[in-house]
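Comments concern the structure below.
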Amino acid sequence: MSIKKEILVRLAVVYIILLLLGIGIVIKILMIQIVDGRELREKAKKITYRDIIVEANRGDILAADGRVLATSVPFFDIRMDLQAAGLTDSVFRANVDSLAICLSRFFGDRSWYSYRSELINARKFAKNKRYYPVAPRKVNYIELQEISKFPLFRLGENKGGFIPVQVNRRILPHNGMAARTIGMVNMGGAKVGIEGAFEDVLKGKDGLWVHARIPGNSWVEVKSMNQIDPEDGVDVLTTIDVALQDVAEAALHEHLERHGAGHGCAIVMEVATGDIKAIANLRRNSDGSYDEVYNYAIGESTEPGSTMKIPTLIALLEEGDINLNDTVNTGNGKLTLYDHVISDSKEDGHGKISVKEVFEVSSNVGVIKLVQKVFKGREKDFISKLYDMKLNQPVGINIPGEVKPQIRFPGDKGWSGLSMPMMSIGYEVRLTPLQILTFYNAIANNGRMVRPRLVKALVRHGQVVESFSPEIIHPNICSRSTLRKVQEVLEGVVERGTAQNLKNSRYKIAGKTGTAQIAKGTKGYRLRGAVQYQASFVGYFPAEDPKYSCIVVVNSPSNSVYYGNVVAGPIFKEISDKVYATSPQWFREIDSNEFREMPQTKPSHIKKVERVFKTLNIPYESRNRKAEWVTAKRDSTKIVTQPLLNGNGKVPDVVGMGLRDAIYLLESRGLIVRFSGRGTVKSQSVKPGSPIVKGTTVYLEMTRNES
């Protein structure tokens, strides 16, 4: 009985122990499921799965004809997984020397031994830093293909640890053309230009893909309900004309350099729509070079000077108290108001002239006398008329950075008895070049002021997602009669006034010059005894049927030349000439039966000459088919080619040739060529037909062809 009892006790103890153990297991299971379950499930998921952010392709910025102004190009960071499952010690040691040699040769930044040492040390301490950055810089796709064939890397990610990480970089295919207007979004989030204004639609929406770990410590993409495909950004179609932009930038650069100017800008606008066809901004660097680093056209507000006289003229004409034929005595070109002396640019003044001439020759004295006569004691009426023309409001272009105009109202801080007279000639007001151009564009557009447009549409895969139509800011800035008079004055500025140097026989330009002293904040207009100027010209063309308006502003020309007609005017003319020459709508179609003058042809190689004649269907006759180099003479029906003086052992005649052909022809005969000027060969120092003495230098004088 005692033995049975002892057995039962032991069984009871075992049962109780097992029961308690079971209860403990159940409690632990419940704890894991209820208390720690969520955390452990998330940890398991992270160990087995990982979410990969898939970057959306950023949209392009396009010119008006669809050419790319800004696009994203893939570049790659090269990293090495030094704990890749297949990268054994034996494989690493066998290939590390060869890899180091390849890296050193490819990047050329340091020795192969330095690369080898860093790779070995990185492998040794891989537990602390598994992914080692191998390349000293980002590489492009073509370079990536070459690097992927290096020792170790050619084995792939698992065995060789090769991990290229794609990083998209924004590039401008046209070498920085309109760079500041195209803009950027930097790492700090600062937004500039079109890139900044349309960031939300350009960037698209990133995707989310799920990767799962598989044996061998590798990751593969798996389908998941959580997967989100990336949505690429849309393209932004701008109004920029690449050809005109190139002309504007080149002309601006050339003249800024010529005048040693601090900075400048040029804008070309389509009159009817407000489309900005070109917008160039350049600033002088310390080394004398020029770059586009700031959008002066939109973001710099300055005292415009004489370009402000046309709003003044409109205010005077709208008041109805003056006529263009009325006369004003400007005297000796000096006028004293309080303790301030206003002067005209003409030293001895213009004397007694008409109102029309006052504005054509840009007489400060004449303008102020007219304003004082009509608005003295009614300053509020004068400023109100400027406000009625919307000159006190931003034009509202759809990229960031526009500065609000500053036009004081009587009673505002800083207003004085000098304010109205000075404002009438372009001082004590501040406007940006784009705001001034928008006003003059309204004059060209028969009084209708349109908002400047830089973006026409948003496009995805060639289909328009959203379009932006031209907008009217003001339906009529003045009456029709006033508008006609103002247009007449602007044409007179070029025909008889301050911008006669822009007059030409092919098409008419209308516009206004501006020359303003630059204020130095509270220090006035003189700094260490010197005065700096801003030169400008704003107008439109062709004057009789305006299609384009344009403004050029040049700040701080330093070569003692600062008037708007001389500094800014030629830039305007260079741009307008290009626009006119490339606009077929301004040229009448030639009747096929109409007499056609044969074109002038430079001496050249027979094959090149004949190819041109055949392409253009120009009738020609070759007098000597065996001649390699020919000269061409023309009559009313055809062009006749004749052998060029080019005998063996004789100096050839290169007068009339282009420089490239002349150099080839002379140097192929052992002569040395030096030249001066550009265009066509005007003269050669060694007489044609003279015996050739090899090594002789032939000096060529070039001249532009005026025909």
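The chains in the structure tokens are called A, B, ... from first to last as shown; in each chain the residues are counted from 1, and the ligands are counted from 1 in the order shown.
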Enumerate, as a ChimeraX atom specification, the complete set of residues in region 93-219 of chain A that a backbone-based DSSP assignment places in strand (DSSP E). /A:131-133,139-140,162-171,184-185,191-192,207-214,218-219
Near-Thr703 (chain A) list (7 Å; only C-alpha atoms; drop same-chain fewer than 4 positions) as a list in words: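 Selected residues are Gly677, Arg678, Gly679, Thr680, Val681 and Lys682 of chain A.
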Store the residues picked out above in a file with N, CA and C atoms, as a short mmCIF file (atom, residue, chain, number, x, y, z; two decimals), in the first residue's frame.
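Wrote out_15.cif, looks like this:
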data_model
loop_
_atom_site.label_atom_id
_atom_site.label_comp_id
_atom_site.auth_asym_id
_atom_site.auth_seq_id
_atom_site.Cartn_x
_atom_site.Cartn_y
_atom_site.Cartn_z
N GLY A 677 40.76 89.37 -90.19
CA GLY A 677 39.38 89.67 -90.55
C GLY A 677 38.56 88.42 -90.76
N ARG A 678 37.33 88.62 -91.23
CA ARG A 678 36.40 87.51 -91.48
C ARG A 678 35.69 87.73 -92.80
N GLY A 679 35.17 86.65 -93.37
CA GLY A 679 34.37 86.76 -94.58
C GLY A 679 35.06 86.16 -95.79
N THR A 680 35.27 86.97 -96.81
CA THR A 680 35.83 86.55 -98.09
C THR A 680 37.23 87.12 -98.26
N VAL A 681 38.10 86.37 -98.96
CA VAL A 681 39.46 86.87 -99.20
C VAL A 681 39.40 88.11 -100.08
N LYS A 682 39.91 89.21 -99.54
CA LYS A 682 39.93 90.48 -100.28
C LYS A 682 41.23 90.64 -101.06
#
Shell around region 531-544 of chain A at 6 Å using only C-alpha atoms, local window under 5 positions removed, as a PyMOL selection string: chain A and resi 507-518+526+549-556+562-564+568-569
Of the candidates A:Glu488, A:Glu143, A:Asp635, A:Glu318, which shows the shortest atom-to-atom distance to Phe76 (chain A), using only C-alpha atoms?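 The closest residue to Phe76 (chain A) is A:Glu143.
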Give me the residues within 10 Å of His474 (chain A) as a list in words, counting only C-alpha atoms and dropping any in the same chain fewer than 2 places off.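 Once the adjacent positions are removed, what remains is Asp388, Met389, Lys390, Ala442, Gly447, Arg448, Met449, Val450, Arg451, Glu471, Ile472, Asn476, Ile477 and Cys478 of chain A.
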For the residues in that selection, give me N, CA and C atoms as a PDB file, in the first residue's frame.
ATOM      1  N   ASP A 388      -4.012 103.138 -63.926  1.00  0.00           N
ATOM      2  CA  ASP A 388      -5.009 102.649 -64.883  1.00  0.00           C
ATOM      3  C   ASP A 388      -4.377 101.816 -65.992  1.00  0.00           C
ATOM      4  N   MET A 389      -3.095 102.067 -66.273  1.00  0.00           N
ATOM      5  CA  MET A 389      -2.374 101.293 -67.294  1.00  0.00           C
ATOM      6  C   MET A 389      -1.781 100.009 -66.712  1.00  0.00           C
ATOM      7  N   LYS A 390      -2.091  99.710 -65.442  1.00  0.00           N
ATOM      8  CA  LYS A 390      -1.622  98.506 -64.737  1.00  0.00           C
ATOM      9  C   LYS A 390      -0.118  98.513 -64.488  1.00  0.00           C
ATOM     10  N   ALA A 442       1.675  95.975 -75.320  1.00  0.00           N
ATOM     11  CA  ALA A 442       0.266  96.384 -75.403  1.00  0.00           C
ATOM     12  C   ALA A 442       0.082  97.482 -76.443  1.00  0.00           C
ATOM     13  N   GLY A 447      -3.359  98.292 -77.990  1.00  0.00           N
ATOM     14  CA  GLY A 447      -3.885  98.650 -76.681  1.00  0.00           C
ATOM     15  C   GLY A 447      -4.199  97.488 -75.771  1.00  0.00           C
ATOM     16  N   ARG A 448      -4.216  96.281 -76.299  1.00  0.00           N
ATOM     17  CA  ARG A 448      -4.572  95.105 -75.481  1.00  0.00           C
ATOM     18  C   ARG A 448      -3.320  94.565 -74.784  1.00  0.00           C
ATOM     19  N   MET A 449      -3.349  94.570 -73.470  1.00  0.00           N
ATOM     20  CA  MET A 449      -2.220  94.073 -72.687  1.00  0.00           C
ATOM     21  C   MET A 449      -2.433  92.600 -72.360  1.00  0.00           C
ATOM     22  N   VAL A 450      -1.504  91.749 -72.797  1.00  0.00           N
ATOM     23  CA  VAL A 450      -1.614  90.314 -72.536  1.00  0.00           C
ATOM     24  C   VAL A 450      -0.546  89.896 -71.532  1.00  0.00           C
ATOM     25  N   ARG A 451      -0.876  88.887 -70.757  1.00  0.00           N
ATOM     26  CA  ARG A 451       0.058  88.387 -69.756  1.00  0.00           C
ATOM     27  C   ARG A 451       1.193  87.636 -70.453  1.00  0.00           C
ATOM     28  N   GLU A 471      -3.753  85.171 -71.919  1.00  0.00           N
ATOM     29  CA  GLU A 471      -4.649  85.874 -70.996  1.00  0.00           C
ATOM     30  C   GLU A 471      -4.549  87.381 -71.202  1.00  0.00           C
ATOM     31  N   ILE A 472      -5.661  88.053 -71.125  1.00  0.00           N
ATOM     32  CA  ILE A 472      -5.684  89.513 -71.248  1.00  0.00           C
ATOM     33  C   ILE A 472      -5.628  90.135 -69.855  1.00  0.00           C
ATOM     34  N   ASN A 476      -7.732  97.485 -72.888  1.00  0.00           N
ATOM     35  CA  ASN A 476      -7.363  98.691 -73.621  1.00  0.00           C
ATOM     36  C   ASN A 476      -6.670  99.665 -72.678  1.00  0.00           C
ATOM     37  N   ILE A 477      -5.384  99.873 -72.876  1.00  0.00           N
ATOM     38  CA  ILE A 477      -4.636 100.729 -71.948  1.00  0.00           C
ATOM     39  C   ILE A 477      -4.909 102.211 -72.181  1.00  0.00           C
ATOM     40  N   CYS A 478      -5.488 102.560 -73.348  1.00  0.00           N
ATOM     41  CA  CYS A 478      -5.810 103.960 -73.629  1.00  0.00           C
ATOM     42  C   CYS A 478      -6.776 104.019 -74.807  1.00  0.00           C
TER      43      CYS A 478
END
At a cut-off of 7 Å, using only C-alpha atoms, what residues contact Ile228 (chain A)? Leave out same-chain residues fewer than 2 positions from it and give the result as a PDB file with N, CA and C atoms, in the first residue's frame.
ATOM      1  N   GLY A 207       7.021  55.063 -57.169  1.00  0.00           N
ATOM      2  CA  GLY A 207       6.349  53.779 -56.966  1.00  0.00           C
ATOM      3  C   GLY A 207       6.911  53.030 -55.770  1.00  0.00           C
ATOM      4  N   LEU A 208       6.281  51.885 -55.439  1.00  0.00           N
ATOM      5  CA  LEU A 208       6.714  51.052 -54.315  1.00  0.00           C
ATOM      6  C   LEU A 208       6.662  49.599 -54.757  1.00  0.00           C
ATOM      7  N   TRP A 209       7.829  48.968 -54.820  1.00  0.00           N
ATOM      8  CA  TRP A 209       7.908  47.560 -55.197  1.00  0.00           C
ATOM      9  C   TRP A 209       8.403  46.744 -54.005  1.00  0.00           C
ATOM     10  N   ASN A 226       0.497  45.392 -52.262  1.00  0.00           N
ATOM     11  CA  ASN A 226       0.990  46.699 -51.840  1.00  0.00           C
ATOM     12  C   ASN A 226       1.815  47.394 -52.923  1.00  0.00           C
ATOM     13  N   PRO A 230       5.403  53.349 -60.468  1.00  0.00           N
ATOM     14  CA  PRO A 230       5.685  54.792 -60.532  1.00  0.00           C
ATOM     15  C   PRO A 230       4.896  55.457 -61.654  1.00  0.00           C
TER      16      PRO A 230
END
Fewer than 3 positions away in the same chain doesn't count, so skip those; otherwise give me all residues within 7 Å of Met598 (chain A), counting only C-alpha atoms, as a short mmCIF file (atom, residue, chain, number, x, y, z; two decimals) with N, CA and C atoms, in the first residue's frame.
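Result went into result.cif, see below:
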data_model
loop_
_atom_site.label_atom_id
_atom_site.label_comp_id
_atom_site.auth_asym_id
_atom_site.auth_seq_id
_atom_site.Cartn_x
_atom_site.Cartn_y
_atom_site.Cartn_z
N ARG A 634 28.35 85.11 -113.77
CA ARG A 634 26.91 85.00 -113.94
C ARG A 634 26.41 85.98 -114.99
N ASP A 635 25.32 85.56 -115.65
CA ASP A 635 24.58 86.48 -116.50
C ASP A 635 23.11 86.35 -116.13
N SER A 636 22.22 86.82 -116.97
CA SER A 636 20.80 86.83 -116.62
C SER A 636 20.15 85.45 -116.69
N LYS A 638 22.18 82.15 -116.60
CA LYS A 638 22.92 81.00 -116.06
C LYS A 638 24.22 81.47 -115.41
N ILE A 639 24.89 80.50 -114.76
CA ILE A 639 26.22 80.73 -114.20
C ILE A 639 27.21 79.88 -114.97
#
Write out as a PyMOL selection string all residues of region 315-470 of chain A that DSSP puts in alpha helix (DSSP H) for this structure's backbone. chain A and resi 315-319+355-360+364-375+379-388+419-424+433-444
Mind writing the picked residues with C-alpha atoms as an mmCIF file, in the first residue's frame?
data_model
loop_
_atom_site.group_PDB
_atom_site.id
_atom_site.type_symbol
_atom_site.label_atom_id
_atom_site.label_comp_id
_atom_site.auth_asym_id
_atom_site.auth_seq_id
_atom_site.Cartn_x
_atom_site.Cartn_y
_atom_site.Cartn_z
ATOM 1 C CA ALA A 315 -1.316 110.270 -69.451
ATOM 2 C CA LEU A 316 -0.871 113.704 -71.081
ATOM 3 C CA LEU A 317 -2.772 112.773 -74.245
ATOM 4 C CA GLU A 318 -5.595 111.080 -72.327
ATOM 5 C CA GLU A 319 -6.026 114.228 -70.264
ATOM 6 C CA VAL A 355 5.522 117.825 -78.236
ATOM 7 C CA LYS A 356 6.171 115.017 -80.696
ATOM 8 C CA GLU A 357 9.845 116.002 -80.949
ATOM 9 C CA VAL A 358 10.106 116.219 -77.153
ATOM 10 C CA PHE A 359 9.509 112.482 -76.957
ATOM 11 C CA GLU A 360 11.409 111.591 -80.143
ATOM 12 C CA ASN A 364 13.834 115.534 -69.944
ATOM 13 C CA VAL A 365 13.179 119.260 -69.695
ATOM 14 C CA GLY A 366 10.360 119.130 -72.255
ATOM 15 C CA VAL A 367 8.600 116.190 -70.590
ATOM 16 C CA ILE A 368 8.740 117.740 -67.122
ATOM 17 C CA LYS A 369 7.449 121.095 -68.387
ATOM 18 C CA LEU A 370 4.493 119.336 -70.030
ATOM 19 C CA VAL A 371 3.689 117.326 -66.898
ATOM 20 C CA GLN A 372 3.964 120.383 -64.687
ATOM 21 C CA LYS A 373 1.688 122.327 -67.041
ATOM 22 C CA VAL A 374 -1.060 119.671 -67.122
ATOM 23 C CA PHE A 375 -0.840 117.983 -63.697
ATOM 24 C CA GLU A 379 -0.482 114.790 -58.833
ATOM 25 C CA LYS A 380 -3.017 112.146 -57.774
ATOM 26 C CA ASP A 381 -4.613 112.297 -61.230
ATOM 27 C CA PHE A 382 -1.238 111.670 -62.897
ATOM 28 C CA ILE A 383 -0.414 108.655 -60.721
ATOM 29 C CA SER A 384 -3.959 107.308 -61.121
ATOM 30 C CA LYS A 385 -3.491 107.304 -64.885
ATOM 31 C CA LEU A 386 -0.309 105.244 -64.488
ATOM 32 C CA TYR A 387 -2.240 102.868 -62.246
ATOM 33 C CA ASP A 388 -5.009 102.649 -64.883
ATOM 34 C CA SER A 419 8.341 113.035 -57.152
ATOM 35 C CA MET A 420 5.940 113.648 -60.050
ATOM 36 C CA PRO A 421 8.507 115.410 -62.295
ATOM 37 C CA MET A 422 11.107 112.696 -61.638
ATOM 38 C CA MET A 423 8.605 109.862 -62.130
ATOM 39 C CA SER A 424 7.565 111.327 -65.476
ATOM 40 C CA PRO A 433 12.376 94.646 -67.855
ATOM 41 C CA LEU A 434 9.491 92.198 -68.348
ATOM 42 C CA GLN A 435 6.986 94.659 -66.882
ATOM 43 C CA ILE A 436 8.204 97.414 -69.210
ATOM 44 C CA LEU A 437 8.073 95.099 -72.215
ATOM 45 C CA THR A 438 4.528 93.996 -71.347
ATOM 46 C CA PHE A 439 3.429 97.633 -71.455
ATOM 47 C CA TYR A 440 5.100 98.340 -74.825
ATOM 48 C CA ASN A 441 3.762 95.059 -76.191
ATOM 49 C CA ALA A 442 0.266 96.384 -75.403
ATOM 50 C CA ILE A 443 0.986 99.440 -77.557
ATOM 51 C CA ALA A 444 2.017 97.141 -80.411
#
Using only C-alpha atoms, can you tell me which of A:Lys309, A:Arg283, A:Lys159, A:Lys277 comes closest to Val247 (chain A)?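 Residue with the minimum atom-to-atom distance to Val247 (chain A): A:Lys277.
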Applying 10 Å and only C-alpha atoms, which residues near Tyr580 (chain A) remain after dropping the ones on its own chain fewer than 5 positions away? List them as a ChimeraX atom specification. /A:506-507,541-542,547-548,575,585-587
Quick one: write out the picked residues with N, CA and C atoms as a compact mmCIF listing (two decimals), in the first residue's frame?
# COMPACT_ATOMS: atom_id res chain seq x y z
N ARG A 506 14.64 97.70 -94.85
CA ARG A 506 13.91 96.45 -95.04
C ARG A 506 12.61 96.40 -94.24
N TYR A 507 12.64 96.85 -93.02
CA TYR A 507 11.44 96.84 -92.18
C TYR A 507 11.56 97.96 -91.15
N PHE A 541 8.36 95.35 -83.88
CA PHE A 541 8.61 95.33 -85.32
C PHE A 541 7.78 94.22 -85.96
N PRO A 542 7.50 94.34 -87.28
CA PRO A 542 7.60 95.55 -88.10
C PRO A 542 6.56 96.56 -87.61
N LYS A 547 4.61 92.08 -85.04
CA LYS A 547 4.53 90.65 -84.72
C LYS A 547 5.32 90.32 -83.45
N TYR A 548 6.42 91.04 -83.23
CA TYR A 548 7.27 90.77 -82.07
C TYR A 548 7.63 92.07 -81.36
N ILE A 575 18.87 91.08 -82.98
CA ILE A 575 17.80 90.11 -82.74
C ILE A 575 16.69 90.28 -83.76
N GLN A 585 6.65 84.90 -93.68
CA GLN A 585 5.38 85.60 -93.88
C GLN A 585 5.58 87.07 -94.25
N TRP A 586 6.78 87.58 -94.01
CA TRP A 586 7.06 88.98 -94.33
C TRP A 586 7.65 89.17 -95.73
N PHE A 587 7.82 88.08 -96.45
CA PHE A 587 8.38 88.16 -97.80
C PHE A 587 7.35 87.65 -98.81
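Between Val567 (chain A) and the candidates A:Val210, A:Val341, A:Ile322, A:Ala251, the tightest atom-to-atom separation, counting only C-alpha atoms, involves A:Ala251.
With only C-alpha atoms as the atoms that count, the minimum distance from Ser362 (chain A) to the choices A:Gln600, A:Asn565, A:Ser583, A:Asn295 is reached by A:Asn565.
In this comparison, which uses only C-alpha atoms, the residue of A:Pro133, A:Val167, A:Asn323, A:Arg258 approaching Ser560 (chain A) most closely is A:Arg258.
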